[in-house]
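Colleague: There's a structure below that I have some questions on.
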Amino acid sequence: MTEEKDKLWILSFEYAGIIKVGGLGEVPANQAKNLTDYYDITVFIPSHGQIERLKKTFSLEKIPFKCTERIDLRRLGLTIQSALCEVGYHRFKLDNVNIVLLTGENNFTMNYLDDNNVYDPDTLSLKILLFSIGMRAYTNYIMNNYFPDLPKVLHMHDYHVVIPFLGIKQELCKANFILPSIITIHLLTYPRYDISYYYACGIDDTPITILLKDGKKLLSIKEIFELCKDSKIQENNDKPPTVEKIGALASDLVTTVSESYLKTDIIPNLGKDLIEFKSNFVWDGCDWEYDQIYKNVLHKCGNEIREKLQIPSHRQITQRDMKQYLLTYKISHLSQSPLISSKKILKLINEISNGNPFIKNGNIKGFEESGPLVIATGRISRQKGFETIFDAIPDVINVIPNAKFLLLMLPTEYSLNEIKIYSQFVKKYPSNLRIIFGVAAEIFQIAHIAANAYCALSRWEPFGIIALEAMATKLPVIATKVGGLQESIIDIRKDPINGTGILIEKDNPFQFANALITIFILAELSEKIKTSKSIDDQEKLDLINKIPDELIKARALVDNTYYDNIKQNCIKRVDNYFRWNIVTKKLLDLYRKLQKLYN
């Protein structure tokens with residue numbers, strides 16, 4: 001007889017396979033998939049308008065229960081004082097994980113829970129509120145009808161699910177049911193809500209168990225607020241505490257995604273002594289496989305690459321061919337416009353693109369020629385430091401005139417001004433820079449395979465899965481010395497044997513330009529050695545002398561194909577330390593230790 005697994009609930013606003021905006025969506029999905037041998041897992045997430053799309057692939061079952069409740073909105077300063085909340089629940093399985101989607105059952109609730117813009121600033125507060133009320137009602141439904149299905153552990157991902165968790169915990173405390181909990185903070189954003197908002201979300205004055213350094217205490221939401229506003233912990237006593245701080249205090253274990261981010265950001269900003277004793281980190285992972293991605297690219301694009309570049313059937317398609325195809329043809333011939341769901345963003349892009357070469361109906365103008373290629377990906381925000389790239393372009397093209405910069409950016413409604421500013425740089429450097437706004441899945445993989453370097457120039461970065469994905473595709477990474485990037489990337493100047501890229505100071509275009517020139521020249525040198533029989537010593541020396549860093553210059557003199565070693569190091573680094581089945585082992589250990597707290 002198979003031993004019954006303990007139940008694990010996961011609360012998240014993103015989950016790969018359902019909806020994801022950035023790297024956050026990958027984490028709960030891959031962690032859960034690798035923990036199904038040990039736990040019976042259920043993930044709860046707002047539907048974000050994905051029900052009809054998911055029905056085409058999965059068998060969604062409607063749970064025979066509906067939350068119906070009139071909610072008081074006077075505390076929120078809305079034009080309406082109250083509204084009828086009706087929440088429905090759909091469930092299905094994804095990778096052997098139970099998924100429960102909370103969806104609106106009337107127009108009011110649908111406007112928020114089913115908004116497909118996950119973090120729309122106009123709907124987010126009410127989306128959290130309705131998710132909170134829906135989760136509290138669902139907890140009571142399970143408690144009253146299927147008590148054995150209550151979880152032995154609950155895991156939250158980021159602040160959006162903290163208030164729903166508080167509601168769950170209060171309902172269980174009323175029944176004297178202890179629920180060990182863990183919160184993972186992926187990125188601090190410091191949201192603050194007045195206590196009246198918590199009450200509007202269904203939180204009452206029921207005390208909940210809080211794990212403190214000197215033991216467990218029962219505290220009400222008012223007492224939790226006061227503890228978080230302690231002058232030794234928080235300077236801004238006139239403001240309510242952040243939701244992240246409330247969540248950290250209310251959880252039995254606080255985690256983040258790198259040791260650096262834990263020590264420099266999480267502990268200092270979320271309570272110091274209140275949480276340090278119950279804090280830890282679990283690295284993110286990566287499931288990208290180079291060989292599979294390479295095959296996918298050849299399967300989807302191979303025939304067209306041969307046709308457009310007139311490559312005979314007997315000759316193998318090279319990485320250089322893929323790059324030429326991508327830069328001179330494919331980026332201007334996407335089969336569909338990059339996915340952008342926001343009407344505000346689409347309106348702005350249509351306004352700024354009219355008559356300009358960088359984007360037109362989702363396609364951008366291709367380059368006239370190929371050249372050394374660096375790519376960057378990610379959502380547009382000040383955090384990502386894209387400005388450093390733009391500022392470095394003149395120094396790079398002064399040494400390497402045909403250098404190419406391809407940026408695949410995810411715009412948000414918080415970044416409308418940046419879209420306008422970034423677009424001006426494309427017009428300023430028409431031979432060197434292209435930006436694609438939106439999810440360009442059609443070229444995402446080939447961009448990684450074809451590029452010579454990847455850059456992650458974040459001003460702060462808790463972890464940075466993007467760097468792992470780059471390394472998994474043999475792509476050397478230039479990154480800033482922040483957060484998890486300095487834990488995943490090994491600087492070739494510090495460790496030339498195992499190096500995977502170059503680490504630079506944030507907001508430093510000069511260092512970035514030198515690092516990129518270095519990687520580009522190493523790549524060119526290696527390619528010339530392997531493909532040209534006529535390259536002479538003087539030509540090699542001239543190339544090597546362009547390398548700004550003396551240590552790397554000396555390494556290149558000894559090993560002309562040093563770039564290839566870096567590429568292999570990238571894959572080894574991911575395989576040995578950052579596969580999901582490796583990093584999730586630590587999370588499993590933390591779950592088990594957490595359960596022992598209350599046994």
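Residue names in the structure tokens use chain letters A, B, ... in the order shown, residue numbers from 1 in each chain, and ligand numbers from 1 in the order shown.
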Pick out the residues sitting within 12 Å of A:Ile99, and hand them over as number ranges by chain; count only C-alpha atoms, and ignore anything fewer than 4 positions along from it in its own chain.
Modeller: A: 8-12, 14-18, 28-29, 32-33, 40-47, 51, 54, 58-63, 89-95
Colleague: Please run DSSP on the backbone and report, as an MDAnalysis selection string, all residues within stretch 204-362 of chain A that come out as helix (DSSP H, G or I).
Modeller: chainID A and resid 221:228 243:250 259:269 272:274 276:278 290:309 319:328 330:332 343:353
Colleague: A:Leu172: which residues within 12 Å, counting only C-alpha atoms, same-chain residues fewer than 6 positions away excluded, as a VMD selection string?
Modeller: chain A and resid 135 to 144 147 150 to 152 165 to 166 178 to 180 206 to 209
Colleague: Output as a tab-separated table one row per residue of stretch 256-321 of chain A within 12 Å of stretch 190-204 of chain A: the closest atom pair and its distance in Å to one decimal place, counting only C-alpha atoms, sorted by chain and residue number ascending.
Modeller:
```
residue	atom	partner	partner_atom	distance
A:Asp265	CA	A:Tyr190	CA	11.4
A:Ile266	CA	A:Tyr190	CA	11.1
A:Asn269	CA	A:Tyr190	CA	9.2
A:Leu270	CA	A:Tyr190	CA	9.7
```
Colleague: What does the distance from atom CA of A:Lys404 to atom CA of A:Val477 come to in Å, to one decimal?
Modeller: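 Straight-line distance from atom CA of A:Lys404 to atom CA of A:Val477 works out to 15.7 Å.
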Colleague: Select, from A:Phe108, A:Phe65, A:Tyr429, A:Trp580, the residue with the minimum atom-to-atom distance to A:Ile80, counting only C-alpha atoms.
Modeller: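 Among A:Phe108, A:Phe65, A:Tyr429, A:Trp580, it is A:Phe108 that comes nearest to A:Ile80.
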Colleague: Can you tell me how far atom CA of A:Ile345 sits from atom CA of A:Asn417, in Å to one decimal?
Modeller: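 Distance between the two atoms: 10.4 Å.
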Colleague: Which residues come within 7 Å of A:Asn569, counting only C-alpha atoms, excluding same-chain residues fewer than 6 positions away, as a ChimeraX atom specification?
Modeller: /A:498-500
Colleague: Given only C-alpha atoms, how would the per-residue table for stretch 439-543 of chain A near stretch 386-392 of chain A read, listing every residue at most 6 Å away with its closest atom pair and distance in Å to one decimal, sorted by chain and number, as a Markdown table?
Modeller:
```
| residue | atom | partner | partner_atom | distance |
| --- | --- | --- | --- | --- |
| A:Asp507 | CA | A:Thr388 | CA | 5.8 |
| A:Pro509 | CA | A:Ala392 | CA | 4.7 |
| A:Ala513 | CA | A:Ala392 | CA | 5.4 |
```
Colleague: Write the residues you've just listed into a file as a short mmCIF file (atom, residue, chain, number, x, y, z; two decimals), in the first residue's frame, and include N, CA and C atoms for each of them.
Modeller:
```cif
data_model
loop_
_atom_site.label_atom_id
_atom_site.label_comp_id
_atom_site.auth_asym_id
_atom_site.auth_seq_id
_atom_site.Cartn_x
_atom_site.Cartn_y
_atom_site.Cartn_z
N ASP A 507 25.81 50.24 -13.05
CA ASP A 507 25.82 51.62 -13.58
C ASP A 507 27.19 52.04 -14.06
N PRO A 509 29.00 52.01 -17.55
CA PRO A 509 29.09 51.74 -18.98
C PRO A 509 30.51 51.46 -19.47
N ALA A 513 31.43 48.19 -21.50
CA ALA A 513 31.99 48.27 -22.85
C ALA A 513 33.27 47.44 -22.96
#
```
Colleague: Kindly indicate which residue among A:His333, A:Lys278, A:Lys596, A:His48 lies nearest to A:Leu212, using only C-alpha atoms for the distances.
Modeller: A:Lys278
Colleague: Given only C-alpha atoms as the basis, pick out the residue of A:Val399, A:Leu597, A:Ala451, A:Val558 nearest to A:Ile517.
Modeller: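 Using only C-alpha atoms, the shortest distance to A:Ile517 belongs to A:Val399.
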Colleague: Mind checking which residues fall within 8 Å of A:Gly464, counting only C-alpha atoms, ignoring those fewer than 5 positions away in the same chain, and posting them as a list in words?
Modeller: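 Here the answer would be Gly23, Gly484 and Leu485 of chain A.
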Colleague: Go ahead and write the selection's residues with C-alpha atoms as a compact mmCIF listing (two decimals), in the first residue's frame.
Modeller:
```txt
# COMPACT_ATOMS: atom_id res chain seq x y z
CA GLY A 23 11.23 34.66 -13.72
CA GLY A 484 22.41 36.18 -7.04
CA LEU A 485 24.27 37.11 -10.24
```
Colleague: I'd like the neighbourhood of A:Val257 as a list in words, where a residue qualifies if any of its atoms comes within 10 Å (using only C-alpha atoms), though same-chain residues fewer than 2 positions away should be ignored.
Modeller: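 So, after excluding close chain neighbours, the residues are Val27, Thr184, Ile185, His186, Leu187, Thr255, Glu259, Ser260, Tyr261, Leu262, Asn280, Phe281, Val282, Trp283, Asp284, Gly285, Glu461, Pro462, Phe463, Gly464, Gly483 and Gly484 of chain A.
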Colleague: For the interface of stretch 394-463 of chain A with stretch 547-552 of chain A (cut-off 12 Å, counting only C-alpha atoms), please tabulate each contacting residue of stretch 394-463 of chain A alongside its nearest pair of atoms and their separation in Å to one decimal, rows sorted by chain and increasing number, as CSV.
Modeller:
```
residue,atom,partner,partner_atom,distance
A:Asp395,CA,A:Pro548,CA,11.9
A:Val396,CA,A:Pro548,CA,11.4
A:Val399,CA,A:Ile547,CA,9.9
A:Ile400,CA,A:Ile547,CA,11.3
```
